[in-house]
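*Asks:* My structure is stored as coords35.cif, with mmCIF, C-alpha atoms; chains and numbers go by the auth columns.
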```
data_run
loop_
_atom_site.group_PDB
_atom_site.id
_atom_site.type_symbol
_atom_site.label_atom_id
_atom_site.label_comp_id
_atom_site.label_asym_id
_atom_site.label_seq_id
_atom_site.Cartn_x
_atom_site.Cartn_y
_atom_site.Cartn_z
_atom_site.B_iso_or_equiv
_atom_site.auth_seq_id
_atom_site.auth_asym_id
ATOM 1 C CA MET A 1 10.590 18.458 -13.386 0.00 1 A
ATOM 2 C CA SER A 2 14.302 19.202 -12.754 0.00 2 A
ATOM 3 C CA ALA A 3 16.931 16.507 -13.203 0.00 3 A
ATOM 4 C CA GLU A 4 17.494 16.479 -9.443 0.00 4 A
ATOM 5 C CA ALA A 5 13.794 15.954 -8.737 0.00 5 A
ATOM 6 C CA ALA A 6 13.619 13.176 -11.358 0.00 6 A
ATOM 7 C CA LEU A 7 16.608 11.427 -9.796 0.00 7 A
ATOM 8 C CA ALA A 8 15.157 11.792 -6.288 0.00 8 A
ATOM 9 C CA THR A 9 11.828 10.394 -7.516 0.00 9 A
ATOM 10 C CA ALA A 10 13.435 7.304 -9.081 0.00 10 A
ATOM 11 C CA ALA A 11 15.506 6.811 -5.902 0.00 11 A
ATOM 12 C CA ALA A 12 12.344 7.088 -3.791 0.00 12 A
ATOM 13 C CA GLY A 13 10.827 4.418 -6.030 0.00 13 A
ATOM 14 C CA VAL A 14 13.742 2.104 -5.274 0.00 14 A
ATOM 15 C CA ALA A 15 13.308 2.669 -1.524 0.00 15 A
ATOM 16 C CA VAL A 16 9.555 2.122 -1.733 0.00 16 A
ATOM 17 C CA GLY A 17 10.026 -1.094 -3.719 0.00 17 A
ATOM 18 C CA ALA A 18 12.561 -2.419 -1.241 0.00 18 A
ATOM 19 C CA VAL A 19 10.494 -1.624 1.858 0.00 19 A
ATOM 20 C CA SER A 20 7.269 -3.053 0.435 0.00 20 A
ATOM 21 C CA ALA A 21 8.993 -6.193 -0.814 0.00 21 A
ATOM 22 C CA LEU A 22 10.469 -6.804 2.600 0.00 22 A
ATOM 23 C CA LEU A 23 7.698 -5.795 4.999 0.00 23 A
ATOM 24 C CA GLY A 24 4.721 -6.415 2.748 0.00 24 A
ATOM 25 C CA VAL A 25 3.304 -2.996 3.488 0.00 25 A
ATOM 26 C CA GLY A 26 2.107 -0.671 0.848 0.00 26 A
ATOM 27 C CA GLY A 27 4.231 1.706 -1.058 0.00 27 A
ATOM 28 C CA GLY A 28 1.354 4.165 -1.113 0.00 28 A
ATOM 29 C CA LEU A 29 1.859 5.098 2.525 0.00 29 A
ATOM 30 C CA LEU A 30 5.367 6.287 1.586 0.00 30 A
ATOM 31 C CA MET A 31 4.825 7.507 -1.977 0.00 31 A
ATOM 32 C CA VAL A 32 2.009 9.938 -1.193 0.00 32 A
ATOM 33 C CA PRO A 33 3.907 11.874 1.533 0.00 33 A
ATOM 34 C CA PHE A 34 7.084 11.821 -0.615 0.00 34 A
ATOM 35 C CA MET A 35 5.226 13.571 -3.417 0.00 35 A
ATOM 36 C CA VAL A 36 3.363 15.975 -1.135 0.00 36 A
ATOM 37 C CA LEU A 37 6.272 16.956 1.120 0.00 37 A
ATOM 38 C CA LEU A 38 9.293 16.750 -1.209 0.00 38 A
ATOM 39 C CA LEU A 39 7.865 17.375 -4.680 0.00 39 A
ATOM 40 C CA GLY A 40 5.122 19.747 -3.578 0.00 40 A
ATOM 41 C CA THR A 41 2.478 17.682 -5.382 0.00 41 A
ATOM 42 C CA ASP A 42 -1.198 18.382 -4.687 0.00 42 A
ATOM 43 C CA GLN A 43 -2.717 15.746 -2.340 0.00 43 A
ATOM 44 C CA HIS A 44 -5.245 14.621 -4.993 0.00 44 A
ATOM 45 C CA VAL A 45 -2.566 14.214 -7.688 0.00 45 A
ATOM 46 C CA ALA A 46 -0.255 12.417 -5.242 0.00 46 A
ATOM 47 C CA GLU A 47 -2.996 9.889 -4.424 0.00 47 A
ATOM 48 C CA GLY A 48 -3.941 9.286 -8.065 0.00 48 A
ATOM 49 C CA THR A 49 -0.282 8.909 -9.052 0.00 49 A
ATOM 50 C CA SER A 50 0.363 6.521 -6.158 0.00 50 A
ATOM 51 C CA LEU A 51 -2.536 4.300 -7.274 0.00 51 A
ATOM 52 C CA LEU A 52 -1.192 4.242 -10.829 0.00 52 A
ATOM 53 C CA VAL A 53 2.269 3.150 -9.592 0.00 53 A
ATOM 54 C CA ILE A 54 0.715 0.422 -7.440 0.00 54 A
ATOM 55 C CA VAL A 55 -0.825 -1.302 -10.512 0.00 55 A
ATOM 56 C CA PRO A 56 2.424 -2.605 -12.127 0.00 56 A
ATOM 57 C CA THR A 57 4.128 -3.270 -8.778 0.00 57 A
ATOM 58 C CA ALA A 58 1.172 -5.311 -7.474 0.00 58 A
ATOM 59 C CA LEU A 59 1.024 -7.202 -10.795 0.00 59 A
ATOM 60 C CA ALA A 60 4.739 -8.033 -10.605 0.00 60 A
ATOM 61 C CA GLY A 61 4.327 -9.207 -7.008 0.00 61 A
ATOM 62 C CA THR A 62 1.280 -11.304 -7.903 0.00 62 A
ATOM 63 C CA ILE A 63 3.120 -13.045 -10.742 0.00 63 A
ATOM 64 C CA ALA A 64 6.023 -13.854 -8.422 0.00 64 A
ATOM 65 C CA HIS A 65 3.690 -15.234 -5.740 0.00 65 A
ATOM 66 C CA ALA A 66 1.404 -17.093 -8.180 0.00 66 A
ATOM 67 C CA ARG A 67 4.441 -19.072 -9.289 0.00 67 A
ATOM 68 C CA ASN A 68 4.803 -20.235 -5.679 0.00 68 A
ATOM 69 C CA ARG A 69 1.053 -21.008 -5.556 0.00 69 A
ATOM 70 C CA PHE A 70 0.496 -18.629 -2.643 0.00 70 A
ATOM 71 C CA VAL A 71 -2.295 -16.699 -4.364 0.00 71 A
ATOM 72 C CA SER A 72 -5.792 -17.893 -3.435 0.00 72 A
ATOM 73 C CA PHE A 73 -7.766 -16.755 -6.481 0.00 73 A
ATOM 74 C CA ARG A 74 -11.033 -17.926 -4.902 0.00 74 A
ATOM 75 C CA HIS A 75 -10.526 -15.244 -2.286 0.00 75 A
ATOM 76 C CA ALA A 76 -8.893 -12.704 -4.586 0.00 76 A
ATOM 77 C CA ALA A 77 -11.977 -12.595 -6.863 0.00 77 A
ATOM 78 C CA PRO A 78 -14.508 -11.409 -4.229 0.00 78 A
ATOM 79 C CA LEU A 79 -11.840 -9.144 -2.694 0.00 79 A
ATOM 80 C CA ALA A 80 -11.308 -7.464 -6.054 0.00 80 A
ATOM 81 C CA LEU A 81 -15.061 -7.214 -6.750 0.00 81 A
ATOM 82 C CA GLY A 82 -15.763 -5.532 -3.412 0.00 82 A
ATOM 83 C CA GLY A 83 -12.576 -3.518 -3.725 0.00 83 A
ATOM 84 C CA VAL A 84 -13.439 -2.090 -7.130 0.00 84 A
ATOM 85 C CA ALA A 85 -16.782 -0.861 -5.794 0.00 85 A
ATOM 86 C CA GLY A 86 -15.125 0.528 -2.666 0.00 86 A
ATOM 87 C CA VAL A 87 -12.304 2.288 -4.485 0.00 87 A
ATOM 88 C CA ALA A 88 -14.664 4.046 -6.905 0.00 88 A
ATOM 89 C CA LEU A 89 -16.591 5.438 -3.938 0.00 89 A
ATOM 90 C CA GLY A 90 -13.466 6.201 -1.895 0.00 90 A
ATOM 91 C CA ALA A 91 -11.802 8.063 -4.779 0.00 91 A
ATOM 92 C CA THR A 92 -14.974 10.065 -5.398 0.00 92 A
ATOM 93 C CA ILE A 93 -15.050 11.063 -1.715 0.00 93 A
ATOM 94 C CA ALA A 94 -11.332 11.976 -1.857 0.00 94 A
ATOM 95 C CA LEU A 95 -11.786 14.125 -4.980 0.00 95 A
ATOM 96 C CA GLY A 96 -14.685 15.923 -3.310 0.00 96 A
ATOM 97 C CA THR A 97 -12.611 16.672 -0.191 0.00 97 A
ATOM 98 C CA ALA A 98 -10.328 19.710 0.000 0.00 98 A
ATOM 99 C CA PRO A 99 -6.645 18.661 -0.404 0.00 99 A
ATOM 100 C CA GLU A 100 -5.631 20.216 2.936 0.00 100 A
ATOM 101 C CA HIS A 101 -8.334 18.241 4.765 0.00 101 A
ATOM 102 C CA LEU A 102 -7.488 15.033 2.922 0.00 102 A
ATOM 103 C CA ARG A 103 -3.863 15.537 3.903 0.00 103 A
ATOM 104 C CA VAL A 104 -4.863 15.637 7.595 0.00 104 A
ATOM 105 C CA VAL A 105 -6.892 12.413 7.200 0.00 105 A
ATOM 106 C CA PHE A 106 -3.893 10.781 5.511 0.00 106 A
ATOM 107 C CA GLY A 107 -1.529 12.035 8.237 0.00 107 A
ATOM 108 C CA VAL A 108 -3.713 10.708 11.055 0.00 108 A
ATOM 109 C CA PHE A 109 -4.049 7.295 9.360 0.00 109 A
ATOM 110 C CA LEU A 110 -0.301 7.112 8.659 0.00 110 A
ATOM 111 C CA GLY A 111 0.509 8.052 12.259 0.00 111 A
ATOM 112 C CA ALA A 112 -1.868 5.392 13.600 0.00 112 A
ATOM 113 C CA MET A 113 -0.342 2.745 11.327 0.00 113 A
ATOM 114 C CA GLY A 114 3.131 3.875 12.413 0.00 114 A
ATOM 115 C CA VAL A 115 2.248 3.464 16.080 0.00 115 A
ATOM 116 C CA ARG A 116 0.783 0.013 15.345 0.00 116 A
ATOM 117 C CA THR A 117 3.867 -1.098 13.382 0.00 117 A
ATOM 118 C CA LEU A 118 6.244 0.174 16.062 0.00 118 A
ATOM 119 C CA TRP A 119 4.158 -1.467 18.795 0.00 119 A
ATOM 120 C CA GLN A 120 4.137 -4.838 16.977 0.00 120 A
ATOM 121 C CA ALA A 121 7.928 -4.723 16.582 0.00 121 A
ATOM 122 C CA VAL A 122 8.514 -3.800 20.228 0.00 122 A
ATOM 123 C CA ARG A 123 6.083 -6.469 21.477 0.00 123 A
ATOM 124 C CA ALA A 124 7.634 -9.190 19.270 0.00 124 A
ATOM 125 C CA ASP A 125 11.080 -8.175 20.510 0.00 125 A
ATOM 126 C CA GLY A 126 9.937 -8.375 24.128 0.00 126 A
ATOM 127 C CA ALA A 127 8.336 -11.790 23.570 0.00 127 A
ATOM 128 C CA ARG A 128 11.562 -13.092 22.098 0.00 128 A
ATOM 129 C CA SER A 129 13.868 -11.816 24.837 0.00 129 A
ATOM 130 C CA SER A 130 11.590 -13.114 27.621 0.00 130 A
ATOM 131 C CA GLY A 131 11.748 -16.577 26.142 0.00 131 A
ATOM 132 C CA MET B 1 -7.955 -26.683 1.923 0.00 1 B
ATOM 133 C CA ARG B 2 -10.950 -24.776 3.198 0.00 2 B
ATOM 134 C CA ALA B 3 -14.152 -25.043 1.207 0.00 3 B
ATOM 135 C CA PRO B 4 -15.131 -21.480 0.323 0.00 4 B
ATOM 136 C CA GLY B 5 -18.886 -21.159 0.479 0.00 5 B
ATOM 137 C CA VAL B 6 -21.221 -18.242 0.091 0.00 6 B
ATOM 138 C CA SER B 7 -20.193 -16.863 3.482 0.00 7 B
ATOM 139 C CA THR B 8 -16.494 -16.844 2.560 0.00 8 B
ATOM 140 C CA PHE B 9 -17.395 -15.006 -0.642 0.00 9 B
ATOM 141 C CA LEU B 10 -19.409 -12.431 1.305 0.00 10 B
ATOM 142 C CA VAL B 11 -16.745 -11.994 3.977 0.00 11 B
ATOM 143 C CA ALA B 12 -13.987 -11.556 1.394 0.00 12 B
ATOM 144 C CA GLY B 13 -16.238 -9.172 -0.543 0.00 13 B
ATOM 145 C CA ALA B 14 -16.843 -7.091 2.577 0.00 14 B
ATOM 146 C CA ILE B 15 -13.106 -6.956 3.309 0.00 15 B
ATOM 147 C CA GLY B 16 -12.619 -5.850 -0.298 0.00 16 B
ATOM 148 C CA ILE B 17 -15.129 -3.009 0.068 0.00 17 B
ATOM 149 C CA ALA B 18 -13.418 -1.740 3.233 0.00 18 B
ATOM 150 C CA ALA B 19 -9.949 -1.958 1.667 0.00 19 B
ATOM 151 C CA GLY B 20 -11.196 -0.345 -1.545 0.00 20 B
ATOM 152 C CA LEU B 21 -12.742 2.591 0.322 0.00 21 B
ATOM 153 C CA LEU B 22 -9.444 3.217 2.090 0.00 22 B
ATOM 154 C CA SER B 23 -7.513 2.739 -1.144 0.00 23 B
ATOM 155 C CA GLY B 24 -9.560 5.328 -3.007 0.00 24 B
ATOM 156 C CA LEU B 25 -9.702 7.768 -0.114 0.00 25 B
ATOM 157 C CA LEU B 26 -5.957 7.766 0.614 0.00 26 B
ATOM 158 C CA GLY B 27 -4.300 6.523 -2.587 0.00 27 B
ATOM 159 C CA VAL B 28 -2.818 3.429 -0.965 0.00 28 B
ATOM 160 C CA GLY B 29 -3.034 -0.229 -1.972 0.00 29 B
ATOM 161 C CA GLY B 30 -5.174 -1.326 0.937 0.00 30 B
ATOM 162 C CA GLY B 31 -3.028 -4.322 1.819 0.00 31 B
ATOM 163 C CA ILE B 32 -2.557 -2.853 5.284 0.00 32 B
ATOM 164 C CA VAL B 33 -6.272 -3.598 5.863 0.00 33 B
ATOM 165 C CA MET B 34 -6.661 -6.749 3.756 0.00 34 B
ATOM 166 C CA VAL B 35 -3.702 -8.808 4.975 0.00 35 B
ATOM 167 C CA PRO B 36 -4.518 -8.788 8.724 0.00 36 B
ATOM 168 C CA LEU B 37 -8.241 -9.389 8.032 0.00 37 B
ATOM 169 C CA LEU B 38 -7.558 -12.275 5.617 0.00 38 B
ATOM 170 C CA VAL B 39 -5.443 -13.884 8.334 0.00 39 B
ATOM 171 C CA ALA B 40 -7.762 -13.196 11.278 0.00 40 B
ATOM 172 C CA VAL B 41 -11.207 -13.584 9.677 0.00 41 B
ATOM 173 C CA VAL B 42 -10.747 -15.813 6.609 0.00 42 B
ATOM 174 C CA GLY B 43 -7.975 -17.971 8.068 0.00 43 B
ATOM 175 C CA LEU B 44 -5.341 -17.654 5.364 0.00 44 B
ATOM 176 C CA THR B 45 -1.672 -17.948 6.306 0.00 45 B
ATOM 177 C CA GLN B 46 0.403 -14.756 6.329 0.00 46 B
ATOM 178 C CA HIS B 47 2.007 -15.760 3.006 0.00 47 B
ATOM 179 C CA GLU B 48 -1.322 -16.572 1.320 0.00 48 B
ATOM 180 C CA ALA B 49 -2.890 -13.373 2.655 0.00 49 B
ATOM 181 C CA HIS B 50 -0.030 -11.230 1.374 0.00 50 B
ATOM 182 C CA ALA B 51 -0.032 -12.839 -2.094 0.00 51 B
ATOM 183 C CA THR B 52 -3.836 -12.857 -2.361 0.00 52 B
ATOM 184 C CA SER B 53 -4.130 -9.207 -1.343 0.00 53 B
ATOM 185 C CA LEU B 54 -1.584 -8.248 -4.034 0.00 54 B
ATOM 186 C CA ALA B 55 -3.678 -10.044 -6.664 0.00 55 B
ATOM 187 C CA ALA B 56 -6.764 -8.071 -5.584 0.00 56 B
ATOM 188 C CA ILE B 57 -4.878 -4.769 -5.296 0.00 57 B
ATOM 189 C CA ALA B 58 -3.901 -4.681 -9.000 0.00 58 B
ATOM 190 C CA PRO B 59 -7.473 -4.255 -10.347 0.00 59 B
ATOM 191 C CA ILE B 60 -8.539 -2.123 -7.353 0.00 60 B
ATOM 192 C CA ALA B 61 -5.648 0.319 -7.850 0.00 61 B
ATOM 193 C CA ALA B 62 -6.299 0.357 -11.617 0.00 62 B
ATOM 194 C CA VAL B 63 -9.912 1.468 -11.124 0.00 63 B
ATOM 195 C CA GLY B 64 -8.836 3.997 -8.488 0.00 64 B
ATOM 196 C CA ALA B 65 -6.113 5.425 -10.749 0.00 65 B
ATOM 197 C CA LEU B 66 -8.646 5.692 -13.576 0.00 66 B
ATOM 198 C CA ARG B 67 -11.063 7.606 -11.339 0.00 67 B
ATOM 199 C CA PHE B 68 -8.322 10.097 -10.342 0.00 68 B
ATOM 200 C CA ALA B 69 -7.089 10.325 -13.957 0.00 69 B
ATOM 201 C CA LEU B 70 -10.602 11.267 -15.128 0.00 70 B
ATOM 202 C CA ALA B 71 -10.412 14.187 -12.694 0.00 71 B
ATOM 203 C CA GLY B 72 -6.967 15.146 -14.055 0.00 72 B
ATOM 204 C CA SER B 73 -5.317 14.088 -10.791 0.00 73 B
ATOM 205 C CA VAL B 74 -2.468 11.872 -12.007 0.00 74 B
ATOM 206 C CA ASP B 75 1.128 12.932 -12.773 0.00 75 B
ATOM 207 C CA LEU B 76 2.241 10.463 -15.428 0.00 76 B
ATOM 208 C CA GLY B 77 5.914 11.530 -15.420 0.00 77 B
ATOM 209 C CA VAL B 78 6.255 11.026 -11.660 0.00 78 B
ATOM 210 C CA ALA B 79 4.352 7.724 -11.902 0.00 79 B
ATOM 211 C CA VAL B 80 6.737 6.353 -14.547 0.00 80 B
ATOM 212 C CA LEU B 81 9.815 7.311 -12.478 0.00 81 B
ATOM 213 C CA LEU B 82 8.411 5.863 -9.239 0.00 82 B
ATOM 214 C CA ALA B 83 7.283 2.647 -10.941 0.00 83 B
ATOM 215 C CA ALA B 84 10.623 2.167 -12.723 0.00 84 B
ATOM 216 C CA GLY B 85 12.545 2.724 -9.498 0.00 85 B
ATOM 217 C CA SER B 86 10.236 0.458 -7.534 0.00 86 B
ATOM 218 C CA LEU B 87 10.279 -2.416 -10.038 0.00 87 B
ATOM 219 C CA ALA B 88 14.043 -2.224 -10.564 0.00 88 B
ATOM 220 C CA GLY B 89 14.926 -1.720 -6.929 0.00 89 B
ATOM 221 C CA ALA B 90 12.589 -4.146 -5.168 0.00 90 B
ATOM 222 C CA PRO B 91 14.567 -7.388 -5.620 0.00 91 B
ATOM 223 C CA LEU B 92 17.922 -5.654 -5.132 0.00 92 B
ATOM 224 C CA GLY B 93 16.820 -3.703 -2.070 0.00 93 B
ATOM 225 C CA ALA B 94 15.094 -6.672 -0.484 0.00 94 B
ATOM 226 C CA ARG B 95 18.247 -8.775 -0.839 0.00 95 B
ATOM 227 C CA VAL B 96 20.385 -6.133 0.841 0.00 96 B
ATOM 228 C CA LEU B 97 17.897 -5.373 3.593 0.00 97 B
ATOM 229 C CA ARG B 98 17.246 -9.027 4.401 0.00 98 B
ATOM 230 C CA ARG B 99 20.501 -9.074 6.390 0.00 99 B
ATOM 231 C CA ALA B 100 18.960 -6.799 8.990 0.00 100 B
ATOM 232 C CA SER B 101 16.526 -8.219 11.544 0.00 101 B
ATOM 233 C CA ASP B 102 12.873 -8.100 10.559 0.00 102 B
ATOM 234 C CA ASN B 103 11.885 -6.548 13.866 0.00 103 B
ATOM 235 C CA ALA B 104 14.500 -3.825 13.768 0.00 104 B
ATOM 236 C CA LEU B 105 13.320 -2.943 10.240 0.00 105 B
ATOM 237 C CA LYS B 106 9.699 -2.955 11.330 0.00 106 B
ATOM 238 C CA ALA B 107 10.494 -0.689 14.276 0.00 107 B
ATOM 239 C CA ALA B 108 12.462 1.662 12.026 0.00 108 B
ATOM 240 C CA PHE B 109 9.641 1.727 9.488 0.00 109 B
ATOM 241 C CA GLY B 110 7.086 2.436 12.241 0.00 110 B
ATOM 242 C CA ALA B 111 9.190 5.317 13.524 0.00 111 B
ATOM 243 C CA LEU B 112 9.566 6.647 9.972 0.00 112 B
ATOM 244 C CA MET B 113 5.783 6.533 9.436 0.00 113 B
ATOM 245 C CA ILE B 114 5.213 8.482 12.665 0.00 114 B
ATOM 246 C CA ALA B 115 7.798 11.091 11.649 0.00 115 B
ATOM 247 C CA VAL B 116 6.311 11.481 8.160 0.00 116 B
ATOM 248 C CA ALA B 117 2.802 11.715 9.635 0.00 117 B
ATOM 249 C CA ALA B 118 4.014 14.506 11.932 0.00 118 B
ATOM 250 C CA GLY B 119 5.503 16.233 8.873 0.00 119 B
ATOM 251 C CA LEU B 120 2.184 16.039 7.030 0.00 120 B
ATOM 252 C CA LEU B 121 0.184 17.289 10.001 0.00 121 B
ATOM 253 C CA LEU B 122 2.552 20.087 11.019 0.00 122 B
ATOM 254 C CA ALA B 123 3.812 21.356 7.641 0.00 123 B
#
```
Starting from the file, give its structure as C-alpha cells.
*Replies:*
Amino acid sequence: MSAEAALATAAAGVAVGAVSALLGVGGGLLMVPFMVLLLGTDQHVAEGTSLLVIVPTALAGTIAHARNRFVSFRHAAPLALGGVAGVALGATIALGTAPEHLRVVFGVFLGAMGVRTLWQAVRADGARSSG
Amino acid sequence: MRAPGVSTFLVAGAIGIAAGLLSGLLGVGGGIVMVPLLVAVVGLTQHEAHATSLAAIAPIAAVGALRFALAGSVDLGVAVLLAAGSLAGAPLGARVLRRASDNALKAAFGALMIAVAAGLLLA
C-alpha cells in the first residue's frame, strides 16, 4: 500500500469512528464501500476486513456503555448466540457469491438504508417545525 | 425492570440470527437491524438498545471475521489502519460534530449513503 493510501485509510477510519459514535450506525456501511471504491479491494476482502475492524470498536463502545450501565447483558447473550449462528451462515453465503453480485446486494441495501435515514431526518424536522 | 422469560430469550435470539445473517452477508455490524428491533419488539430504550447491540456485535463480528479470514478474505494492514483511525478519532470527532444538529447530520449521512450506493451500483 502506498503512503497516500495508508494515510487515506487511517483518515477514513477517523471519519467512520466519528460518524458511528455520533449516529450509532455501523461503520461497516461506510468502510466496505471505501475499500471497494477507493482502494480497489475485492468485495469479499472488504467485508472480512470490515468485520475485523468492528471487533475492537464494538468492544471499546461496549466498555464505555457498560460503565454507564446501559448494556442489558440478559438481552446481549441471546442476541450474540443467535448472531454467531447467523453470521457463520451469512458469511458462508457471501463467500459463495460472486463479488460483483455481492456488491450489487450491498449497494441496494445501502441505498435503502440511506433513503430510510434521510426520510427519518426529514420527518423529524417537519414534526419539529410544525410544533 | 422487565422480567426476561423464555419468550424474551427466543425473541432476542431471533433478532440475533437476522442481524448475524446480514452481518455475515454484507460485512457490517448489524446494529442497523438490532437497534430498531430491540426498541420496537423487546422494549428497550434507545440508549439500552444501542449499548446492548454493541455488546452482541463484538462476538458476532469476531466469528464473521474468522470465517472470512479462513477463506483468505481479510486485509490485515488495512484493518489495522482503519481500526487505529476509528478508535483514535471517535471521541475527538464526536465532540466536534456534536455542535451540529442531529437531524442535519442524519440527513447528510442519509444523502451520503445514497450517493455511495449509486457509486457501487453504477461503477
*Asks:* Run the PyMOL selection byres ((chain B and resi 34-46) around 8) against the file shown and list the residues it catches, as a count of residues only.
*Replies:* 15
*Asks:* Evaluating the PyMOL selection byres ((chain B) within 6 of (chain A)) on the displayed file yields which residues, as a PDB file with C-alpha atoms, in the coordinates of the input?
*Replies:*
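Now in out09.pdb:
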```pdb
ATOM      1  CA  PHE B   9     -17.395 -15.006  -0.642  1.00  0.00           C
ATOM      2  CA  ALA B  12     -13.987 -11.556   1.394  1.00  0.00           C
ATOM      3  CA  GLY B  13     -16.238  -9.172  -0.543  1.00  0.00           C
ATOM      4  CA  GLY B  16     -12.619  -5.850  -0.298  1.00  0.00           C
ATOM      5  CA  ILE B  17     -15.129  -3.009   0.068  1.00  0.00           C
ATOM      6  CA  GLY B  20     -11.196  -0.345  -1.545  1.00  0.00           C
ATOM      7  CA  LEU B  21     -12.742   2.591   0.322  1.00  0.00           C
ATOM      8  CA  SER B  23      -7.513   2.739  -1.144  1.00  0.00           C
ATOM      9  CA  GLY B  24      -9.560   5.328  -3.007  1.00  0.00           C
ATOM     10  CA  LEU B  25      -9.702   7.768  -0.114  1.00  0.00           C
ATOM     11  CA  GLY B  27      -4.300   6.523  -2.587  1.00  0.00           C
ATOM     12  CA  VAL B  28      -2.818   3.429  -0.965  1.00  0.00           C
ATOM     13  CA  GLY B  29      -3.034  -0.229  -1.972  1.00  0.00           C
ATOM     14  CA  GLU B  48      -1.322 -16.572   1.320  1.00  0.00           C
ATOM     15  CA  ALA B  51      -0.032 -12.839  -2.094  1.00  0.00           C
ATOM     16  CA  THR B  52      -3.836 -12.857  -2.361  1.00  0.00           C
ATOM     17  CA  LEU B  54      -1.584  -8.248  -4.034  1.00  0.00           C
ATOM     18  CA  ALA B  55      -3.678 -10.044  -6.664  1.00  0.00           C
ATOM     19  CA  ALA B  56      -6.764  -8.071  -5.584  1.00  0.00           C
ATOM     20  CA  ALA B  58      -3.901  -4.681  -9.000  1.00  0.00           C
ATOM     21  CA  ILE B  60      -8.539  -2.123  -7.353  1.00  0.00           C
ATOM     22  CA  ALA B  61      -5.648   0.319  -7.850  1.00  0.00           C
ATOM     23  CA  ALA B  62      -6.299   0.357 -11.617  1.00  0.00           C
ATOM     24  CA  GLY B  64      -8.836   3.997  -8.488  1.00  0.00           C
ATOM     25  CA  ALA B  65      -6.113   5.425 -10.749  1.00  0.00           C
ATOM     26  CA  PHE B  68      -8.322  10.097 -10.342  1.00  0.00           C
ATOM     27  CA  SER B  73      -5.317  14.088 -10.791  1.00  0.00           C
ATOM     28  CA  VAL B  74      -2.468  11.872 -12.007  1.00  0.00           C
ATOM     29  CA  ASP B  75       1.128  12.932 -12.773  1.00  0.00           C
ATOM     30  CA  ALA B  79       4.352   7.724 -11.902  1.00  0.00           C
ATOM     31  CA  LEU B  81       9.815   7.311 -12.478  1.00  0.00           C
ATOM     32  CA  LEU B  82       8.411   5.863  -9.239  1.00  0.00           C
ATOM     33  CA  ALA B  83       7.283   2.647 -10.941  1.00  0.00           C
ATOM     34  CA  GLY B  85      12.545   2.724  -9.498  1.00  0.00           C
ATOM     35  CA  SER B  86      10.236   0.458  -7.534  1.00  0.00           C
ATOM     36  CA  GLY B  89      14.926  -1.720  -6.929  1.00  0.00           C
ATOM     37  CA  ALA B  90      12.589  -4.146  -5.168  1.00  0.00           C
ATOM     38  CA  GLY B  93      16.820  -3.703  -2.070  1.00  0.00           C
ATOM     39  CA  ALA B  94      15.094  -6.672  -0.484  1.00  0.00           C
ATOM     40  CA  ASN B 103      11.885  -6.548  13.866  1.00  0.00           C
ATOM     41  CA  LYS B 106       9.699  -2.955  11.330  1.00  0.00           C
ATOM     42  CA  ALA B 107      10.494  -0.689  14.276  1.00  0.00           C
ATOM     43  CA  GLY B 110       7.086   2.436  12.241  1.00  0.00           C
ATOM     44  CA  MET B 113       5.783   6.533   9.436  1.00  0.00           C
ATOM     45  CA  ILE B 114       5.213   8.482  12.665  1.00  0.00           C
ATOM     46  CA  ALA B 117       2.802  11.715   9.635  1.00  0.00           C
ATOM     47  CA  LEU B 120       2.184  16.039   7.030  1.00  0.00           C
ATOM     48  CA  LEU B 121       0.184  17.289  10.001  1.00  0.00           C
TER      49      LEU B 121
END
```
*Asks:* One decimal, Å: what's the distance from CA of Gly96 (chain A) over to CA of Val80 (chain B), could you say?
*Replies:*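 Answer for the CA of Gly96 (chain A) to CA of Val80 (chain B) separation: 26.0 Å.
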